[in-house]
$ cat structure-v5.cif   # mmCIF, C-alpha atoms and all ligand atoms
data_query
#
loop_
_atom_site.label_atom_id
_atom_site.label_comp_id
_atom_site.auth_asym_id
_atom_site.auth_seq_id
_atom_site.Cartn_x
_atom_site.Cartn_y
_atom_site.Cartn_z
CA MET Y 1352 168.50 -81.83 6.46
CA ASN Y 1353 170.87 -84.46 5.10
CA ALA Y 1354 174.36 -85.41 6.17
CA ALA Y 1355 177.23 -85.04 3.69
CA THR Y 1356 177.97 -88.49 2.32
CA ASP Y 1357 179.34 -87.38 -1.05
CA ARG Y 1358 183.04 -87.70 -0.37
CA ALA Y 1359 186.03 -87.92 -2.69
CA VAL Y 1360 189.67 -88.71 -2.03
CA VAL Y 1361 191.52 -87.29 -5.05
CA PRO Y 1362 190.61 -84.44 -7.40
CA GLY Y 1363 189.37 -86.65 -10.23
CA SER Y 1364 186.88 -85.48 -12.84
CA ALA Y 1365 183.88 -86.85 -10.90
CA ALA Y 1366 184.88 -84.84 -7.83
CA ILE Y 1367 185.39 -81.69 -9.88
CA GLU Y 1368 182.05 -82.16 -11.61
CA ARG Y 1369 180.37 -82.66 -8.22
CA PHE Y 1370 181.94 -79.47 -6.85
CA SER Y 1371 180.87 -77.54 -9.92
CA ARG Y 1372 177.29 -78.81 -9.49
CA THR Y 1373 176.94 -78.55 -5.70
CA GLY Y 1374 179.47 -75.83 -4.74
CA PHE Y 1375 181.23 -77.94 -2.13
CA ILE Y 1376 183.05 -81.16 -1.51
CA VAL Y 1377 184.40 -82.96 1.57
CA VAL Y 1378 187.80 -84.66 1.28
CA PRO Y 1379 188.25 -87.07 4.18
CA GLY Y 1380 191.60 -87.19 5.97
CA LEU Y 1381 193.40 -84.77 3.64
CA ALA Y 1382 195.36 -83.35 6.59
CA SER Y 1383 197.44 -85.86 8.56
CA ALA Y 1384 197.14 -86.18 12.33
CA LYS Y 1385 200.51 -84.41 12.61
CA VAL Y 1386 199.43 -81.44 10.51
CA VAL Y 1387 196.21 -81.15 12.50
CA ALA Y 1388 198.14 -81.32 15.79
CA PHE Y 1389 200.57 -78.53 14.73
CA MET Y 1390 197.73 -76.16 13.90
CA ARG Y 1391 195.60 -77.17 16.86
CA GLU Y 1392 198.43 -76.73 19.37
CA SER Y 1393 199.33 -73.35 17.92
CA ALA Y 1394 195.69 -72.24 18.05
CA GLU Y 1395 195.24 -73.48 21.63
CA ALA Y 1396 198.35 -71.54 22.74
CA ASP Y 1397 197.11 -68.33 21.09
CA LEU Y 1398 193.66 -68.77 22.62
CA ALA Y 1399 195.18 -69.26 26.08
CA ALA Y 1400 197.32 -66.13 25.61
CA MET Y 1401 194.41 -64.18 24.02
CA ARG Y 1402 196.90 -63.22 21.32
CA GLU Y 1403 195.54 -60.52 19.01
CA PRO Y 1404 194.26 -60.03 16.36
CA LEU Y 1405 191.06 -61.66 17.56
CA GLU Y 1406 187.39 -61.46 16.67
CA ARG Y 1407 185.12 -61.81 19.69
CA GLU Y 1408 181.61 -63.21 19.71
CA ALA Y 1409 180.34 -60.07 21.46
CA ASP Y 1410 181.54 -57.87 18.59
CA LEU Y 1411 179.34 -59.60 16.03
CA ASN Y 1412 175.98 -59.73 17.72
CA TYR Y 1413 175.07 -63.05 16.08
CA PRO Y 1414 172.32 -65.15 17.71
CA GLY Y 1415 173.47 -66.55 21.04
CA ALA Y 1416 176.50 -64.26 21.38
CA PRO Y 1417 177.13 -62.36 24.63
CA ALA Y 1418 175.50 -58.90 24.45
CA ASN Y 1419 178.80 -57.06 24.97
CA ARG Y 1420 182.34 -57.57 26.21
CA GLN Y 1421 181.31 -56.90 29.83
CA ALA Y 1422 178.56 -59.57 29.80
CA PRO Y 1423 179.26 -63.15 31.00
CA GLY Y 1424 181.39 -64.79 28.29
CA GLY Y 1425 181.95 -61.36 26.73
CA GLU Y 1426 185.60 -62.09 25.91
CA THR Y 1427 184.75 -65.34 24.10
CA ILE Y 1428 186.80 -65.58 20.93
CA ARG Y 1429 185.13 -66.38 17.62
CA ARG Y 1430 188.15 -66.24 15.35
CA LEU Y 1431 191.92 -66.12 15.61
CA LEU Y 1432 192.61 -63.68 12.77
CA ARG Y 1433 195.61 -63.45 10.43
CA VAL Y 1434 196.87 -66.92 11.24
CA LEU Y 1435 199.33 -66.91 8.33
CA ASP Y 1436 201.29 -64.31 10.31
CA ARG Y 1437 201.08 -66.29 13.55
CA ASP Y 1438 202.82 -69.58 12.92
CA PRO Y 1439 204.51 -71.18 9.85
CA ALA Y 1440 202.39 -74.31 10.49
CA TYR Y 1441 199.44 -72.59 8.82
CA ALA Y 1442 201.30 -71.57 5.65
CA ARG Y 1443 202.86 -75.04 5.41
CA TRP Y 1444 199.33 -76.45 5.27
CA ALA Y 1445 197.67 -73.72 3.22
CA LEU Y 1446 200.44 -73.97 0.60
CA SER Y 1447 200.87 -77.74 0.76
CA ASP Y 1448 200.67 -79.87 -2.38
CA ALA Y 1449 197.63 -81.62 -0.92
CA VAL Y 1450 195.61 -78.41 -0.59
CA LEU Y 1451 196.91 -76.68 -3.70
CA GLY Y 1452 196.24 -79.77 -5.82
CA TRP Y 1453 192.56 -79.52 -4.92
CA ILE Y 1454 192.37 -75.76 -5.24
CA ARG Y 1455 193.94 -75.81 -8.72
CA ALA Y 1456 191.58 -78.57 -9.82
CA LEU Y 1457 188.50 -76.82 -8.43
CA LEU Y 1458 189.43 -73.40 -9.82
CA GLY Y 1459 190.46 -75.00 -13.11
CA THR Y 1460 193.84 -73.29 -13.35
CA PRO Y 1461 197.40 -73.83 -12.06
CA ASP Y 1462 197.84 -70.09 -11.50
CA ILE Y 1463 196.24 -69.28 -8.16
CA ARG Y 1464 196.63 -66.93 -5.19
CA LEU Y 1465 196.15 -67.46 -1.47
CA VAL Y 1466 193.98 -64.54 -0.34
CA GLN Y 1467 195.01 -63.12 3.01
CA ALA Y 1468 192.33 -60.45 3.30
CA HIS Y 1469 189.51 -62.95 3.97
CA HIS Y 1470 189.24 -65.94 6.28
CA ASN Y 1471 192.95 -66.59 6.99
CA CYS Y 1472 191.76 -67.60 10.43
CA VAL Y 1473 190.99 -70.32 12.91
CA MET Y 1474 187.24 -70.34 13.54
CA THR Y 1475 186.54 -71.23 17.14
CA LYS Y 1476 183.24 -72.31 18.57
CA HIS Y 1477 183.23 -72.34 22.33
CA PRO Y 1478 180.81 -74.10 24.66
CA ARG Y 1479 178.12 -71.86 26.19
CA PHE Y 1480 178.98 -68.56 24.53
CA SER Y 1481 179.27 -69.36 20.83
CA SER Y 1482 176.84 -67.91 18.30
CA ALA Y 1483 174.94 -69.31 15.33
CA THR Y 1484 175.72 -67.97 11.87
CA HIS Y 1485 172.73 -67.25 9.64
CA TRP Y 1486 172.52 -68.26 5.98
CA HIS Y 1487 174.88 -66.22 3.83
CA GLN Y 1488 177.34 -66.27 0.94
CA ASP Y 1489 180.94 -65.38 1.75
CA ILE Y 1490 181.15 -63.19 -1.35
CA ARG Y 1491 178.61 -60.76 0.19
CA TYR Y 1492 181.28 -58.36 1.48
CA TRP Y 1493 184.09 -59.44 -0.83
CA SER Y 1494 185.02 -57.61 -4.05
CA PHE Y 1495 186.59 -59.62 -6.84
CA ARG Y 1496 186.16 -59.54 -10.61
CA ARG Y 1497 184.13 -62.76 -10.43
CA ASN Y 1498 182.30 -64.58 -7.66
CA ASP Y 1499 184.51 -67.60 -8.08
CA LEU Y 1500 186.74 -68.22 -5.10
CA VAL Y 1501 187.24 -71.45 -3.18
CA ASN Y 1502 187.48 -71.77 0.60
CA CYS Y 1503 189.41 -74.55 2.30
CA TRP Y 1504 187.98 -75.43 5.72
CA THR Y 1505 190.12 -77.93 7.68
CA ALA Y 1506 188.58 -79.61 10.72
CA LEU Y 1507 191.00 -79.57 13.68
CA GLY Y 1508 188.55 -81.74 15.65
CA HIS Y 1509 185.19 -83.40 15.16
CA GLU Y 1510 182.45 -81.23 13.61
CA THR Y 1511 178.86 -82.33 14.12
CA ARG Y 1512 175.39 -80.81 14.25
CA GLU Y 1513 175.78 -80.68 18.04
CA ASN Y 1514 178.89 -78.49 17.98
CA GLY Y 1515 177.81 -76.28 15.08
CA CYS Y 1516 179.15 -77.86 11.90
CA MET Y 1517 178.71 -76.19 8.52
CA GLN Y 1518 175.47 -76.60 6.60
CA ILE Y 1519 175.45 -75.85 2.88
CA ILE Y 1520 172.71 -75.55 0.26
CA PRO Y 1521 173.84 -77.59 -2.76
CA GLY Y 1522 173.84 -75.70 -6.05
CA SER Y 1523 173.24 -72.30 -4.40
CA HIS Y 1524 176.55 -70.93 -5.73
CA ARG Y 1525 175.09 -70.92 -9.24
CA MET Y 1526 171.60 -69.65 -8.40
CA LYS Y 1527 170.37 -66.21 -9.37
CA LEU Y 1528 168.98 -64.95 -6.06
CA SER Y 1529 167.32 -61.55 -6.10
CA PRO Y 1530 168.40 -58.98 -3.45
CA GLU Y 1531 164.89 -59.09 -1.85
CA ARG Y 1532 165.64 -62.60 -0.66
CA PHE Y 1533 168.35 -61.20 1.65
CA ASP Y 1534 168.04 -58.88 4.63
CA ARG Y 1535 169.92 -55.60 5.11
CA GLU Y 1536 173.01 -57.43 6.33
CA LYS Y 1537 172.82 -59.72 3.30
CA PHE Y 1538 171.68 -62.76 5.26
CA PHE Y 1539 169.34 -65.08 3.33
CA ARG Y 1540 165.89 -64.61 4.88
CA PRO Y 1541 164.54 -67.85 6.44
CA ASP Y 1542 161.08 -66.29 6.88
CA LEU Y 1543 160.36 -66.34 3.12
CA PRO Y 1544 158.65 -69.56 1.95
CA GLU Y 1545 160.74 -69.74 -1.26
CA ASN Y 1546 163.93 -69.43 0.83
CA ARG Y 1547 162.71 -71.97 3.36
CA GLU Y 1548 162.18 -74.47 0.57
CA LEU Y 1549 165.83 -74.12 -0.39
CA ILE Y 1550 167.07 -74.19 3.19
CA ASP Y 1551 165.30 -77.52 3.64
CA THR Y 1552 167.64 -79.03 1.03
CA ALA Y 1553 170.76 -78.14 3.06
CA ILE Y 1554 173.46 -80.69 3.78
CA SER Y 1555 175.21 -80.94 7.17
CA CYS Y 1556 178.95 -81.30 6.69
CA THR Y 1557 179.99 -83.55 9.55
CA LEU Y 1558 183.78 -83.75 9.65
CA ALA Y 1559 186.45 -85.74 11.45
CA PRO Y 1560 189.85 -84.23 12.37
CA GLY Y 1561 191.85 -83.75 9.17
CA ASP Y 1562 188.82 -83.76 6.87
CA VAL Y 1563 188.67 -80.78 4.53
CA LEU Y 1564 185.57 -79.04 3.26
CA PHE Y 1565 186.12 -77.05 0.06
CA PHE Y 1566 183.29 -74.65 -0.72
CA HIS Y 1567 182.56 -71.97 -3.27
CA SER Y 1568 182.40 -68.27 -2.30
CA GLY Y 1569 178.82 -68.13 -3.60
CA ALA Y 1570 177.54 -71.19 -1.70
CA LEU Y 1571 174.83 -70.39 0.85
CA HIS Y 1572 175.90 -71.74 4.22
CA ALA Y 1573 175.08 -71.47 7.92
CA ALA Y 1574 176.13 -73.05 11.21
CA GLY Y 1575 174.60 -73.56 14.63
CA ARG Y 1576 175.93 -72.92 18.11
CA ASN Y 1577 178.23 -75.32 19.93
CA GLU Y 1578 175.93 -77.19 22.32
CA THR Y 1579 178.70 -79.51 23.60
CA ASP Y 1580 181.29 -78.82 26.27
CA VAL Y 1581 184.31 -79.10 23.95
CA ARG Y 1582 185.42 -76.21 21.76
CA LYS Y 1583 185.51 -76.64 18.01
CA LEU Y 1584 188.42 -75.34 15.91
CA SER Y 1585 188.68 -75.10 12.13
CA ALA Y 1586 191.42 -73.51 9.99
CA VAL Y 1587 190.01 -71.59 7.02
CA PHE Y 1588 191.72 -70.12 3.93
CA SER Y 1589 190.49 -68.64 0.63
CA TYR Y 1590 191.94 -68.88 -2.86
CA ARG Y 1591 191.31 -67.26 -6.21
CA ALA Y 1592 192.44 -67.72 -9.79
CA ALA Y 1593 195.21 -65.30 -10.80
CA ASP Y 1594 192.88 -63.74 -13.38
CA ASN Y 1595 190.24 -62.97 -10.73
CA PRO Y 1596 191.89 -60.10 -8.81
CA PRO Y 1597 190.31 -58.04 -6.05
CA GLU Y 1598 188.72 -54.75 -7.09
CA PRO Y 1599 191.17 -51.91 -6.38
CA CYS Y 1600 190.73 -49.91 -3.15
CA THR Y 1601 188.40 -52.46 -1.53
CA ARG Y 1602 188.82 -54.50 1.64
CA SER Y 1603 189.62 -57.48 -0.56
CA ALA Y 1604 192.61 -55.61 -2.02
CA ALA Y 1605 193.85 -54.23 1.29
CA VAL Y 1606 196.11 -57.13 2.29
CA ALA Y 1607 198.93 -58.68 0.27
CA GLU Y 1608 198.31 -62.12 -1.21
CA MET Y 1609 200.57 -65.13 -1.61
CA ASP Y 1610 201.58 -66.56 -4.95
CA PRO Y 1611 202.12 -70.28 -4.22
CA ALA Y 1612 204.41 -70.57 -7.27
CA GLY Y 1613 207.04 -68.40 -5.58
CA GLN Y 1614 205.42 -68.20 -2.15
CA THR Y 1615 206.09 -64.47 -2.33
CA ARG Y 1616 203.67 -61.90 -1.07
CA ILE Y 1617 202.14 -59.83 -3.82
CA GLY Y 1618 199.80 -56.88 -3.76
CA PRO Y 1619 199.72 -53.71 -1.67
CA LYS Y 1620 202.16 -53.23 1.16
CA GLU Y 1621 200.68 -53.23 4.65
O1 LIG L 1701 181.14 -71.64 11.98
C1 LIG L 1701 180.29 -70.81 11.66
O2 LIG L 1701 179.53 -70.29 12.46
C2 LIG L 1701 180.23 -70.39 10.22
C3 LIG L 1701 181.22 -69.32 9.92
C4 LIG L 1701 181.00 -68.74 8.58
O3 LIG L 1701 180.25 -69.19 7.78
C5 LIG L 1701 181.72 -67.53 8.19
O4 LIG L 1701 182.40 -66.92 9.05
O5 LIG L 1701 181.65 -67.16 7.00
#

$ encode --input "structure-v5.cif" --output "structure tokens"
Amino acid sequence: MNAATDRAVVPGSAAIERFSRTGFIVVPGLASAKVVAFMRESAEADLAAMREPLEREADLNYPGAPANRQAPGGETIRRLLRVLDRDPAYARWALSDAVLGWIRALLGTPDIRLVQAHHNCVMTKHPRFSSATHWHQDIRYWSFRRNDLVNCWTALGHETRENGCMQIIPGSHRMKLSPERFDREKFFRPDLPENRELIDTAISCTLAPGDVLFFHSGALHAAGRNETDVRKLSAVFSYRAADNPPEPCTRSAAVAEMDPAGQTRIGPKE
């Protein structure tokens, strides 16, 4: 396992080429300390108040998660959901020139949408009761015309192997991977030797507060548990090109999207 050292500061052609080849890129310090603090403070307040909608570790049954909500740590939160509806701090960042400049460059078009049906969350990884996430592609339960979305993952604190940072397999977003290489829940099977060979090429994306990891919806990624005693928080949003709409009547089409050009909500009413 390597550590991510391939970093870029502006969306120049080398950075775009690297993203196209590897399926991810880390942009150091894209979010200022102030922006990070706004989102972090908002997230901490919502965690303290247990403000719904929340996803709990116990509901997912991932490795290391409490067995159920009554078990010790059973109320541990995994994600603050629908953050764009919680606090304007999130939309200010998700629709900022800094983020949109990268998204437009990586998607190769000025005409983009902020998807609210997926991610749109603060991922939280708590000491003791957090789970590990197996190898998967985000597109597995998403339905769009093309598998060509970009996620923006902003570190609101330090992310390391010890607290469960993201690991990504470079180039996996462009690989043709047969369905037999995935289990019933569409996780990439680590028990298969040909999969293991790929997993061994994974990069650990260690991040500092304000660093942003952009990754493709087809990139295979995983993350470990938080083995430290400090919780980890990351704000995550997804974007698509305007000509890559969600398939009608799917989960991906169920929530209105934002058009950054007018910042209006488009799509079905909720
Ligand atoms: O932080 C993690 O466990 C990874 C989360 C993730 O990959 C996901 O929710 O798609």

$ residues_around --input "structure-v5.cif" --residues "Arg1464 in chain Y" --least-positions-apart "6" --cutoff "7 Å" --atoms "all atoms listed in the file" --output "JSON, numbers by chain"
{"Y": [1590, 1591, 1592, 1593, 1608, 1609, 1610, 1611]}

$ atom_distance --input "structure-v5.cif" --atom1 "CA of Glu1510 in chain Y" --atom2 "atom O1 of ligand LIG 1701 (chain L)"
9.8 Å

$ closest_residue --input "structure-v5.cif" --among "Y:Phe1533, Y:Trp1493, Y:Phe1370, Y:Trp1486" --to "ligand LIG 1701 (chain L)" --atoms "only C-alpha atoms and all ligand atoms"
Y:Trp1486

$ closest_residue --input "structure-v5.cif" --among "Y:Gly1424, Y:Thr1475, Y:Val1378, Y:Glu1406" --to "Pro1362 in chain Y" --atoms "all atoms listed in the file"
Y:Val1378

$ residues_near_ligand --input "structure-v5.cif" --ligand "ligand LIG 1701 (chain L)" --cutoff "9 Å" --atoms "only C-alpha atoms and all ligand atoms" --output "PyMOL selection string"
chain Y and resi 1429-1430+1470+1474-1476+1481-1489+1515-1518+1571-1576+1583+1585

$ closest_residue --input "structure-v5.cif" --among "Y:Ser1603, Y:Thr1427, Y:Ser1529, Y:Ser1447" --to "Glu1408 in chain Y" --atoms "all atoms listed in the file"
Y:Thr1427

$ closest_residue --input "structure-v5.cif" --among "Y:Thr1579, Y:Asn1546, Y:His1469, Y:Phe1539" --to "Ala1604 in chain Y" --atoms "only C-alpha atoms"
Y:His1469
